[in-house]
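Engineer: I am sharing target.pdb, which consists of PDB, C-alpha atoms:
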```pdb
ATOM      1  CA  MET Y   1     212.365  49.290 149.910
ATOM      2  CA  SER Y   2     209.944  48.732 152.792
ATOM      3  CA  GLY Y   3     207.984  51.864 151.890
ATOM      4  CA  ARG Y   4     207.067  50.614 148.418
ATOM      5  CA  PRO Y   5     203.464  49.643 147.735
ATOM      6  CA  GLY Y   6     202.633  45.951 147.534
ATOM      7  CA  GLU Y   7     201.272  44.400 144.360
ATOM      8  CA  ASP Y   8     197.608  45.100 145.156
ATOM      9  CA  SER Y   9     198.309  48.715 146.060
ATOM     10  CA  LEU Y  10     200.540  49.143 143.024
ATOM     11  CA  ILE Y  11     197.804  47.880 140.696
ATOM     12  CA  ALA Y  12     195.104  49.976 142.360
ATOM     13  CA  ARG Y  13     197.179  53.152 142.212
ATOM     14  CA  PHE Y  14     198.842  52.979 138.804
ATOM     15  CA  PHE Y  15     196.837  50.657 136.574
ATOM     16  CA  ALA Y  16     193.242  50.355 137.775
ATOM     17  CA  PRO Y  17     192.485  53.927 136.598
ATOM     18  CA  LEU Y  18     193.407  52.798 133.061
ATOM     19  CA  ALA Y  19     191.158  49.739 132.976
ATOM     20  CA  ALA Y  20     188.273  49.416 130.553
ATOM     21  CA  GLU Y  21     184.825  48.150 131.532
ATOM     22  CA  GLY Y  22     185.686  44.510 130.866
ATOM     23  CA  GLY Y  23     188.615  44.766 133.260
ATOM     24  CA  HIS Y  24     186.313  45.195 136.287
ATOM     25  CA  GLY Y  25     188.608  47.770 137.841
ATOM     26  CA  LEU Y  26     191.374  45.109 137.912
ATOM     27  CA  LYS Y  27     189.754  43.700 141.052
ATOM     28  CA  ASP Y  28     189.223  40.204 139.638
ATOM     29  CA  ASP Y  29     191.500  37.475 138.323
ATOM     30  CA  ALA Y  30     190.337  37.813 134.727
ATOM     31  CA  ALA Y  31     188.727  40.218 132.302
ATOM     32  CA  CYS Y  32     185.581  39.484 130.345
ATOM     33  CA  MET Y  33     184.636  40.737 126.908
ATOM     34  CA  SER Y  34     182.297  39.723 124.103
ATOM     35  CA  PRO Y  35     183.088  40.261 120.423
ATOM     36  CA  THR Y  36     180.621  42.161 118.308
ATOM     37  CA  PRO Y  37     178.158  39.670 116.786
ATOM     38  CA  GLY Y  38     179.452  38.393 113.463
ATOM     39  CA  HIS Y  39     183.061  39.269 114.290
ATOM     40  CA  ASP Y  40     186.243  37.291 114.980
ATOM     41  CA  LEU Y  41     188.761  38.108 117.685
ATOM     42  CA  VAL Y  42     192.415  38.576 116.659
ATOM     43  CA  LEU Y  43     195.070  38.155 119.342
ATOM     44  CA  THR Y  44     198.758  39.003 119.307
ATOM     45  CA  THR Y  45     201.486  39.168 121.923
ATOM     46  CA  ASP Y  46     204.960  40.663 122.029
ATOM     47  CA  ALA Y  47     207.461  41.137 124.834
ATOM     48  CA  ILE Y  48     210.015  43.930 125.048
ATOM     49  CA  VAL Y  49     213.129  43.656 127.199
ATOM     50  CA  GLU Y  50     215.477  46.361 128.448
ATOM     51  CA  SER Y  51     218.777  46.491 126.491
ATOM     52  CA  VAL Y  52     217.220  44.399 123.690
ATOM     53  CA  HIS Y  53     214.180  46.384 122.513
ATOM     54  CA  PHE Y  54     214.790  49.617 124.401
ATOM     55  CA  LEU Y  55     217.758  51.116 126.183
ATOM     56  CA  PRO Y  56     218.356  51.797 129.872
ATOM     57  CA  GLY Y  57     217.498  55.419 130.498
ATOM     58  CA  ASP Y  58     214.714  55.608 127.899
ATOM     59  CA  ALA Y  59     211.814  57.604 129.300
ATOM     60  CA  PRO Y  60     209.210  55.411 131.057
ATOM     61  CA  GLY Y  61     206.409  56.848 128.923
ATOM     62  CA  SER Y  62     208.348  55.942 125.776
ATOM     63  CA  VAL Y  63     208.837  52.374 127.002
ATOM     64  CA  ALA Y  64     205.098  52.084 127.653
ATOM     65  CA  ARG Y  65     204.178  53.464 124.247
ATOM     66  CA  LYS Y  66     206.515  51.048 122.498
ATOM     67  CA  ALA Y  67     205.202  48.049 124.462
ATOM     68  CA  LEU Y  68     201.629  48.752 123.402
ATOM     69  CA  GLY Y  69     202.421  50.193 119.976
ATOM     70  CA  VAL Y  70     204.254  47.154 118.641
ATOM     71  CA  ASN Y  71     201.228  44.984 119.416
ATOM     72  CA  VAL Y  72     198.655  47.378 117.977
ATOM     73  CA  SER Y  73     200.823  47.429 114.846
ATOM     74  CA  ASP Y  74     200.390  43.650 114.511
ATOM     75  CA  LEU Y  75     196.620  44.028 114.803
ATOM     76  CA  ALA Y  76     196.536  46.766 112.163
ATOM     77  CA  ALA Y  77     198.422  44.604 109.677
ATOM     78  CA  LYS Y  78     195.780  41.888 110.082
ATOM     79  CA  GLY Y  79     193.004  44.404 109.426
ATOM     80  CA  ALA Y  80     191.801  44.235 113.038
ATOM     81  CA  ASP Y  81     190.484  47.129 115.104
ATOM     82  CA  PRO Y  82     191.971  47.279 118.645
ATOM     83  CA  LYS Y  83     189.648  46.319 121.506
ATOM     84  CA  GLY Y  84     191.951  46.071 124.526
ATOM     85  CA  PHE Y  85     195.128  44.601 125.965
ATOM     86  CA  LEU Y  86     196.639  42.655 128.851
ATOM     87  CA  LEU Y  87     199.944  43.718 130.408
ATOM     88  CA  SER Y  88     202.517  41.608 132.249
ATOM     89  CA  LEU Y  89     205.167  43.740 133.907
ATOM     90  CA  ALA Y  90     208.336  42.295 135.476
ATOM     91  CA  LEU Y  91     210.009  45.010 137.549
ATOM     92  CA  PRO Y  92     213.696  44.835 138.543
ATOM     93  CA  ASP Y  93     214.884  45.481 142.083
ATOM     94  CA  ASP Y  94     215.644  49.144 141.478
ATOM     95  CA  TRP Y  95     212.178  50.247 140.317
ATOM     96  CA  THR Y  96     210.810  53.467 141.755
ATOM     97  CA  GLU Y  97     207.330  54.860 142.223
ATOM     98  CA  ALA Y  98     208.301  57.890 140.141
ATOM     99  CA  TRP Y  99     209.297  55.633 137.232
ATOM    100  CA  LEU Y 100     206.064  53.661 137.523
ATOM    101  CA  GLU Y 101     203.936  56.810 137.686
ATOM    102  CA  ASP Y 102     205.483  58.103 134.446
ATOM    103  CA  PHE Y 103     205.117  54.667 132.854
ATOM    104  CA  ALA Y 104     201.436  54.478 133.741
ATOM    105  CA  ALA Y 105     200.842  57.995 132.413
ATOM    106  CA  GLY Y 106     202.509  57.096 129.112
ATOM    107  CA  LEU Y 107     200.599  53.839 128.928
ATOM    108  CA  GLY Y 108     197.295  55.611 129.449
ATOM    109  CA  GLU Y 109     198.093  58.155 126.742
ATOM    110  CA  ALA Y 110     199.067  55.419 124.287
ATOM    111  CA  ALA Y 111     195.929  53.413 125.107
ATOM    112  CA  ARG Y 112     193.775  56.448 124.322
ATOM    113  CA  ASP Y 113     195.681  57.269 121.132
ATOM    114  CA  PHE Y 114     195.412  53.695 119.858
ATOM    115  CA  SER Y 115     191.826  53.130 121.106
ATOM    116  CA  CYS Y 116     193.110  50.066 122.955
ATOM    117  CA  PRO Y 117     192.261  50.136 126.691
ATOM    118  CA  LEU Y 118     193.799  48.073 129.478
ATOM    119  CA  LEU Y 119     191.786  44.969 130.458
ATOM    120  CA  GLY Y 120     194.080  43.267 132.974
ATOM    121  CA  GLY Y 121     197.463  41.693 133.519
ATOM    122  CA  ASP Y 122     200.066  40.853 136.132
ATOM    123  CA  THR Y 123     202.983  42.443 137.954
ATOM    124  CA  VAL Y 124     205.940  40.467 139.263
ATOM    125  CA  LYS Y 125     209.436  41.069 140.602
ATOM    126  CA  ALA Y 126     212.209  40.352 138.108
ATOM    127  CA  ARG Y 127     215.679  39.048 138.926
ATOM    128  CA  GLY Y 128     217.043  40.511 135.711
ATOM    129  CA  ALA Y 129     216.172  43.261 133.256
ATOM    130  CA  LEU Y 130     212.885  45.135 133.097
ATOM    131  CA  THR Y 131     210.558  43.076 130.899
ATOM    132  CA  LEU Y 132     207.086  43.848 129.601
ATOM    133  CA  SER Y 133     204.719  41.601 127.709
ATOM    134  CA  VAL Y 134     201.521  42.845 126.084
ATOM    135  CA  THR Y 135     198.742  40.717 124.649
ATOM    136  CA  ALA Y 136     196.535  42.851 122.419
ATOM    137  CA  ILE Y 137     193.048  41.901 121.305
ATOM    138  CA  GLY Y 138     191.359  43.153 118.162
ATOM    139  CA  GLU Y 139     188.285  42.276 116.174
ATOM    140  CA  LEU Y 140     187.118  42.265 112.593
ATOM    141  CA  PRO Y 141     184.177  40.953 110.558
ATOM    142  CA  ALA Y 142     184.223  37.161 110.577
ATOM    143  CA  GLY Y 143     186.532  35.607 108.014
ATOM    144  CA  THR Y 144     188.268  38.837 106.962
ATOM    145  CA  MET Y 145     191.657  38.581 108.709
ATOM    146  CA  VAL Y 146     194.468  39.330 106.243
ATOM    147  CA  ARG Y 147     197.171  36.679 106.502
ATOM    148  CA  ARG Y 148     200.788  36.981 105.476
ATOM    149  CA  THR Y 149     200.569  33.724 103.510
ATOM    150  CA  ALA Y 150     198.305  34.828 100.644
ATOM    151  CA  ALA Y 151     200.566  36.910  98.361
ATOM    152  CA  GLN Y 152     200.171  36.064  94.668
ATOM    153  CA  ALA Y 153     202.367  36.684  91.640
ATOM    154  CA  GLY Y 154     201.285  39.939  90.004
ATOM    155  CA  ASP Y 155     200.305  41.669  93.259
ATOM    156  CA  LEU Y 156     201.809  45.065  93.936
ATOM    157  CA  ILE Y 157     203.941  45.368  97.076
ATOM    158  CA  CYS Y 158     202.948  48.360  99.216
ATOM    159  CA  VAL Y 159     204.271  49.909 102.413
ATOM    160  CA  THR Y 160     202.895  52.686 104.584
ATOM    161  CA  GLY Y 161     204.749  55.703 105.937
ATOM    162  CA  THR Y 162     208.502  55.809 105.609
ATOM    163  CA  VAL Y 163     211.176  53.161 106.089
ATOM    164  CA  GLY Y 164     214.451  53.223 108.020
ATOM    165  CA  ASP Y 165     213.736  56.107 110.396
ATOM    166  CA  ALA Y 166     213.864  54.018 113.569
ATOM    167  CA  ALA Y 167     216.985  52.111 112.527
ATOM    168  CA  LEU Y 168     218.862  55.354 112.007
ATOM    169  CA  GLY Y 169     217.307  56.830 115.139
ATOM    170  CA  LEU Y 170     218.862  54.003 117.134
ATOM    171  CA  LYS Y 171     222.165  54.402 115.285
ATOM    172  CA  LEU Y 172     222.252  58.048 116.343
ATOM    173  CA  ARG Y 173     222.860  56.865 119.915
ATOM    174  CA  SER Y 174     226.441  55.962 118.913
ATOM    175  CA  GLN Y 175     227.060  59.449 117.470
ATOM    176  CA  PRO Y 176     228.040  58.371 113.930
ATOM    177  CA  GLY Y 177     229.882  60.755 111.653
ATOM    178  CA  TRP Y 178     226.952  61.191 109.260
ATOM    179  CA  ALA Y 179     224.839  62.661 112.064
ATOM    180  CA  ALA Y 180     226.801  65.911 111.854
ATOM    181  CA  GLY Y 181     225.261  66.508 108.432
ATOM    182  CA  LEU Y 182     221.709  66.451 109.814
ATOM    183  CA  SER Y 183     219.825  69.372 111.245
ATOM    184  CA  PRO Y 184     218.722  69.244 114.907
ATOM    185  CA  GLU Y 185     215.146  68.771 113.688
ATOM    186  CA  GLU Y 186     216.152  65.797 111.512
ATOM    187  CA  ARG Y 187     218.033  64.161 114.381
ATOM    188  CA  GLU Y 188     215.065  64.709 116.688
ATOM    189  CA  PHE Y 189     212.704  63.201 114.116
ATOM    190  CA  LEU Y 190     214.785  60.028 113.755
ATOM    191  CA  ALA Y 191     215.194  59.632 117.506
ATOM    192  CA  ASP Y 192     211.447  60.008 118.013
ATOM    193  CA  ARG Y 193     210.647  57.397 115.370
ATOM    194  CA  TYR Y 194     212.782  54.872 117.266
ATOM    195  CA  LEU Y 195     211.299  55.695 120.655
ATOM    196  CA  HIS Y 196     207.647  56.050 119.690
ATOM    197  CA  PRO Y 197     206.172  53.571 117.173
ATOM    198  CA  ARG Y 198     203.216  54.836 115.171
ATOM    199  CA  PRO Y 199     200.980  51.827 114.550
ATOM    200  CA  ARG Y 200     198.742  52.327 111.518
ATOM    201  CA  HIS Y 201     195.551  51.163 113.249
ATOM    202  CA  LEU Y 202     193.432  53.752 111.448
ATOM    203  CA  LEU Y 203     194.163  51.897 108.209
ATOM    204  CA  ALA Y 204     192.922  48.514 109.472
ATOM    205  CA  PRO Y 205     189.518  48.664 107.711
ATOM    206  CA  ALA Y 206     191.199  49.449 104.379
ATOM    207  CA  VAL Y 207     193.754  46.672 104.860
ATOM    208  CA  ARG Y 208     191.037  44.067 105.175
ATOM    209  CA  ARG Y 209     189.154  45.449 102.153
ATOM    210  CA  PHE Y 210     192.020  45.902  99.720
ATOM    211  CA  ALA Y 211     195.112  43.898 100.756
ATOM    212  CA  ARG Y 212     195.653  40.245  99.872
ATOM    213  CA  ALA Y 213     198.563  39.561 102.270
ATOM    214  CA  SER Y 214     199.855  41.755 105.069
ATOM    215  CA  MET Y 215     202.225  42.008 108.033
ATOM    216  CA  ASP Y 216     203.899  44.817 109.916
ATOM    217  CA  VAL Y 217     207.519  45.812 109.390
ATOM    218  CA  SER Y 218     209.086  45.160 112.772
ATOM    219  CA  ASP Y 219     212.291  43.335 111.837
ATOM    220  CA  GLY Y 220     213.273  45.258 108.714
ATOM    221  CA  LEU Y 221     211.708  45.743 105.292
ATOM    222  CA  ALA Y 222     213.955  43.248 103.482
ATOM    223  CA  GLY Y 223     213.674  40.539 106.102
ATOM    224  CA  ASP Y 224     209.945  40.863 106.629
ATOM    225  CA  LEU Y 225     209.284  40.902 102.894
ATOM    226  CA  ALA Y 226     211.368  37.728 102.580
ATOM    227  CA  LYS Y 227     209.265  36.095 105.315
ATOM    228  CA  MET Y 228     206.010  36.998 103.590
ATOM    229  CA  MET Y 229     207.198  35.792 100.202
ATOM    230  CA  ARG Y 230     208.578  32.545 101.599
ATOM    231  CA  VAL Y 231     205.383  31.512 103.404
ATOM    232  CA  SER Y 232     203.343  32.522 100.344
ATOM    233  CA  GLY Y 233     205.503  30.430  98.012
ATOM    234  CA  VAL Y 234     206.516  33.352  95.795
ATOM    235  CA  SER Y 235     209.247  35.984  95.457
ATOM    236  CA  ALA Y 236     209.426  39.732  94.798
ATOM    237  CA  VAL Y 237     211.195  42.511  92.934
ATOM    238  CA  VAL Y 238     211.509  45.855  94.733
ATOM    239  CA  GLU Y 239     212.568  49.129  93.129
ATOM    240  CA  ALA Y 240     214.672  50.735  95.858
ATOM    241  CA  GLU Y 241     214.049  54.249  94.560
ATOM    242  CA  LEU Y 242     210.327  53.729  95.234
ATOM    243  CA  VAL Y 243     210.834  52.784  98.893
ATOM    244  CA  PRO Y 244     209.505  55.788 100.857
ATOM    245  CA  LEU Y 245     212.225  57.588 102.801
ATOM    246  CA  SER Y 246     211.817  60.575 105.077
ATOM    247  CA  PRO Y 247     213.829  63.731 104.339
ATOM    248  CA  ALA Y 248     215.975  62.924 107.379
ATOM    249  CA  VAL Y 249     216.865  59.458 106.080
ATOM    250  CA  ARG Y 250     217.549  60.807 102.598
ATOM    251  CA  ARG Y 251     219.929  63.367 104.082
ATOM    252  CA  ALA Y 252     221.692  60.671 106.114
ATOM    253  CA  VAL Y 253     222.093  58.423 103.054
ATOM    254  CA  GLU Y 254     223.540  61.377 101.134
ATOM    255  CA  GLN Y 255     226.142  61.700 103.901
ATOM    256  CA  ASP Y 256     226.895  57.963 103.913
ATOM    257  CA  PRO Y 257     225.539  55.912 100.960
ATOM    258  CA  ASP Y 258     226.341  52.662 102.773
ATOM    259  CA  LEU Y 259     223.462  53.466 105.129
ATOM    260  CA  LEU Y 260     220.998  52.386 102.431
ATOM    261  CA  ASP Y 261     221.492  48.737 103.364
ATOM    262  CA  ARG Y 262     220.740  49.542 107.002
ATOM    263  CA  VAL Y 263     217.617  51.425 105.950
ATOM    264  CA  MET Y 264     216.370  48.376 104.027
ATOM    265  CA  THR Y 265     217.204  45.864 106.774
ATOM    266  CA  GLY Y 266     216.865  47.812 110.051
ATOM    267  CA  GLY Y 267     214.032  47.075 112.460
ATOM    268  CA  ASP Y 268     211.376  49.003 114.397
ATOM    269  CA  ASP Y 269     209.591  50.691 111.477
ATOM    270  CA  TYR Y 270     206.136  49.368 112.500
ATOM    271  CA  GLU Y 271     204.705  50.219 109.111
ATOM    272  CA  ILE Y 272     202.288  47.961 107.228
ATOM    273  CA  LEU Y 273     203.788  45.859 104.438
ATOM    274  CA  CYS Y 274     201.182  44.300 102.181
ATOM    275  CA  THR Y 275     200.491  42.949  98.724
ATOM    276  CA  VAL Y 276     197.590  44.419  96.814
ATOM    277  CA  PRO Y 277     195.877  43.382  93.562
ATOM    278  CA  GLU Y 278     196.637  46.152  91.081
ATOM    279  CA  LYS Y 279     192.945  46.941  90.608
ATOM    280  CA  ASN Y 280     192.692  47.812  94.332
ATOM    281  CA  LEU Y 281     195.621  50.221  94.522
ATOM    282  CA  ASP Y 282     193.822  53.503  93.781
ATOM    283  CA  SER Y 283     191.032  52.788  96.255
ATOM    284  CA  PHE Y 284     193.512  51.666  98.916
ATOM    285  CA  ARG Y 285     195.584  54.811  98.438
ATOM    286  CA  LYS Y 286     192.500  57.031  98.744
ATOM    287  CA  GLU Y 287     191.575  55.352 102.024
ATOM    288  CA  ALA Y 288     195.125  55.839 103.314
ATOM    289  CA  ASP Y 289     195.097  59.502 102.296
ATOM    290  CA  SER Y 290     191.777  60.006 104.086
ATOM    291  CA  VAL Y 291     193.361  59.028 107.438
ATOM    292  CA  GLY Y 292     196.631  60.865 106.803
ATOM    293  CA  ILE Y 293     198.808  57.814 106.127
ATOM    294  CA  GLY Y 294     201.152  57.641 103.159
ATOM    295  CA  LEU Y 295     201.038  54.524 100.985
ATOM    296  CA  SER Y 296     203.714  53.625  98.440
ATOM    297  CA  ALA Y 297     203.827  50.854  95.830
ATOM    298  CA  ILE Y 298     207.461  49.686  95.815
ATOM    299  CA  GLY Y 299     207.529  46.548  93.686
ATOM    300  CA  ARG Y 300     205.711  43.465  92.532
ATOM    301  CA  VAL Y 301     205.279  39.855  93.605
ATOM    302  CA  VAL Y 302     206.768  37.385  91.114
ATOM    303  CA  SER Y 303     206.850  33.622  90.755
ATOM    304  CA  GLY Y 304     209.780  31.748  92.243
ATOM    305  CA  ALA Y 305     211.327  30.734  95.537
ATOM    306  CA  THR Y 306     214.375  33.002  95.726
ATOM    307  CA  LEU Y 307     215.014  35.885  98.096
ATOM    308  CA  PRO Y 308     213.406  39.154  96.988
ATOM    309  CA  VAL Y 309     215.491  41.290  94.626
ATOM    310  CA  PHE Y 310     216.089  44.955  95.458
ATOM    311  CA  ARG Y 311     217.057  46.964  92.378
ATOM    312  CA  VAL Y 312     219.423  49.740  93.444
ATOM    313  CA  SER Y 313     220.915  52.165  90.902
ATOM    314  CA  GLY Y 314     221.141  49.598  88.141
ATOM    315  CA  SER Y 315     222.366  46.763  90.350
ATOM    316  CA  GLU Y 316     220.460  43.999  92.125
ATOM    317  CA  ARG Y 317     220.780  43.110  95.804
ATOM    318  CA  ARG Y 318     219.446  40.180  97.786
ATOM    319  CA  TYR Y 319     219.615  40.555 101.535
ATOM    320  CA  ASP Y 320     220.370  37.051 102.788
ATOM    321  CA  VAL Y 321     220.530  38.381 106.352
ATOM    322  CA  GLY Y 322     217.833  40.947 105.863
ATOM    323  CA  SER Y 323     215.987  40.761 109.164
ATOM    324  CA  PHE Y 324     216.748  41.930 112.656
ATOM    325  CA  SER Y 325     217.025  39.023 115.089
ATOM    326  CA  HIS Y 326     216.669  39.054 118.869
ATOM    327  CA  PHE Y 327     218.923  36.003 119.201
TER     328      PHE Y 327
END
```
As structure tokens, how would this structure be written, given the file I've shared?

Structural biologist:
Amino acid sequence: MSGRPGEDSLIARFFAPLAAEGGHGLKDDAACMSPTPGHDLVLTTDAIVESVHFLPGDAPGSVARKALGVNVSDLAAKGADPKGFLLSLALPDDWTEAWLEDFAAGLGEAARDFSCPLLGGDTVKARGALTLSVTAIGELPAGTMVRRTAAQAGDLICVTGTVGDAALGLKLRSQPGWAAGLSPEEREFLADRYLHPRPRHLLAPAVRRFARASMDVSDGLAGDLAKMMRVSGVSAVVEAELVPLSPAVRRAVEQDPDLLDRVMTGGDDYEILCTVPEKNLDSFRKEADSVGIGLSAIGRVVSGATLPVFRVSGSERRYDVGSFSHF
């Protein structure tokens, strides 16, 4: 215990090498940055807590990537390009320098991958579980932020990537019976999707050009769609067969059809969910293709104030508890 570095030494050794220009080498009490002229700043913050958002024993680099990735995902859904982030890190009594070294390495890799450098933050000692809080900062041309409140009847509902991978990746930890029907590669894919979010930041410019309303899918497709529709004063109809599923998820659902509800409601996808005027769809899809991101139209916004309808094999489902909750 006595041989551990103090806070100043810890910051200088593990985090100062990651700091961007505005962070002043993490030698000051605050960072300083100026937005590009004619641009707005977009700010978002999310905390992740051990045993709630990640599991004890998860690799430190994976924890770091998730902490930053979930915030960059929020920026992407607003159409904002990442500019930097602040990190607050609450370390439990049993932290080790080896753990922190791996965490910092993973954080630096994620920051480079997401073009979102470290600007500053804080480190404290925690009495409970390991807790991390990231505040990410993005920017976009003034007045172009895409809100979740603007969906209109007639819009198409679109989602990037594939849905349900992370939820089943987490479920794999309990060794369910359906897992035996998956190949090792499929199990590895699902596990990786849970551990390592893939924020769609490269699509941010297209989101602000073509989407009318947008948010990221962090708490489950059904629940997050319900949130967007509710605050927009509309409802939705989703064709479940159009919801994009990875081969691994399709194989799992073949083994256990009841998993489909978990796929639609499970959290941690970190895909972009948006509504798009029909005339914009082809252009939006071309932009997504150009950066290697799949885009699927899965339904349509309709008038009304009811929960979204999911049409599944001739039946209709409404997920009244369709969103993951931390409480």

Engineer: Taking the file as shown, find all residues satisfying the PyMOL selection byres ((chain Y and resi 132) around 10) and write them as a list of chain:residue names.

Structural biologist: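 Given this file, the PyMOL selection byres ((chain Y and resi 132) around 10) evaluates to Y:Asp46, Y:Ala47, Y:Ile48, Y:Val49, Y:Glu50, Y:Val63, Y:Ala64, Y:Ala67, Y:Leu68, Y:Leu87, Y:Ser88, Y:Leu89, Y:Ala90, Y:Leu91, Y:Thr123, Y:Ala129, Y:Leu130, Y:Thr131, Y:Ser133, Y:Val134.
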
Engineer: For Val302 in chain Y, which residue out of Y:Ile157, Y:Ala222, Y:Leu242, Y:Ala191 is the nearest one, using all atoms listed in the file?

Structural biologist: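 For Val302 in chain Y, the nearest of the given residues is Y:Ile157.
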
Engineer: Compare Y:Leu202, Y:Leu107, Y:Leu273, Y:Ala180 by their minimum atom-to-atom distance to Val291 in chain Y, counting all atoms listed in the file, and give me the closest one.

Structural biologist: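 Closest residue, counting all atoms listed in the file: Y:Leu202.
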
Engineer: Got a sec: who's within 10 Å of Lys27 in chain Y, counting all atoms listed in the file, leaving out chain neighbours fewer than 2 positions off, as JSON, numbers by chain?

Structural biologist: {"Y": [8, 11, 12, 16, 23, 24, 25, 29, 30, 31, 120]}

Engineer: Can you tell me which residues surround range 203-207 of chain Y at a distance of at most 6 Å, considering only C-alpha atoms, apart from same-chain residues fewer than 2 positions away, and format the answer as a list in words?

Structural biologist: Ala76, Gly79, Ala80, Arg200, His201, Arg209, Phe210 and Ala211 of chain Y

Engineer: I want to know what sits within 12 Å of Asp224 in chain Y, based on all atoms listed in the file, with residues of the same chain fewer than 2 positions away left out; could you give that as a ChimeraX atom specification?

Structural biologist: /Y:148,159,214-222,226-231,236,264-274,307-308,319-325

Engineer: For Cys116 in chain Y, list every protein, DNA or RNA residue within 9 Å, evaluated using all atoms listed in the file, and leave out those in the same chain fewer than 3 positions away; present the list as a PyMOL selection string.

Structural biologist: chain Y and resi 68+72+81-85+110-113+136-138

Engineer: For those residues, write C-alpha atoms to a file as a compact mmCIF listing (two decimals), in the frame of the given file.

Structural biologist:
```txt
# COMPACT_ATOMS: atom_id res chain seq x y z
CA LEU Y 68 201.63 48.75 123.40
CA VAL Y 72 198.66 47.38 117.98
CA ASP Y 81 190.48 47.13 115.10
CA PRO Y 82 191.97 47.28 118.64
CA LYS Y 83 189.65 46.32 121.51
CA GLY Y 84 191.95 46.07 124.53
CA PHE Y 85 195.13 44.60 125.96
CA ALA Y 110 199.07 55.42 124.29
CA ALA Y 111 195.93 53.41 125.11
CA ARG Y 112 193.78 56.45 124.32
CA ASP Y 113 195.68 57.27 121.13
CA ALA Y 136 196.54 42.85 122.42
CA ILE Y 137 193.05 41.90 121.30
CA GLY Y 138 191.36 43.15 118.16
```

Engineer: What residues come out when you apply the PyMOL selection byres ((chain Y and resi 276-287) around 6) to this file, written as a PyMOL selection string?

Structural biologist: chain Y and resi 155-156+210-212+275+288-290

Engineer: Y:Ile298, Y:Ala305, Y:Leu182, Y:Leu118: which is nearest Arg251 in chain Y, counting all atoms listed in the file?

Structural biologist: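 Ranked by minimum distance to Arg251 in chain Y, first place goes to Y:Leu182.
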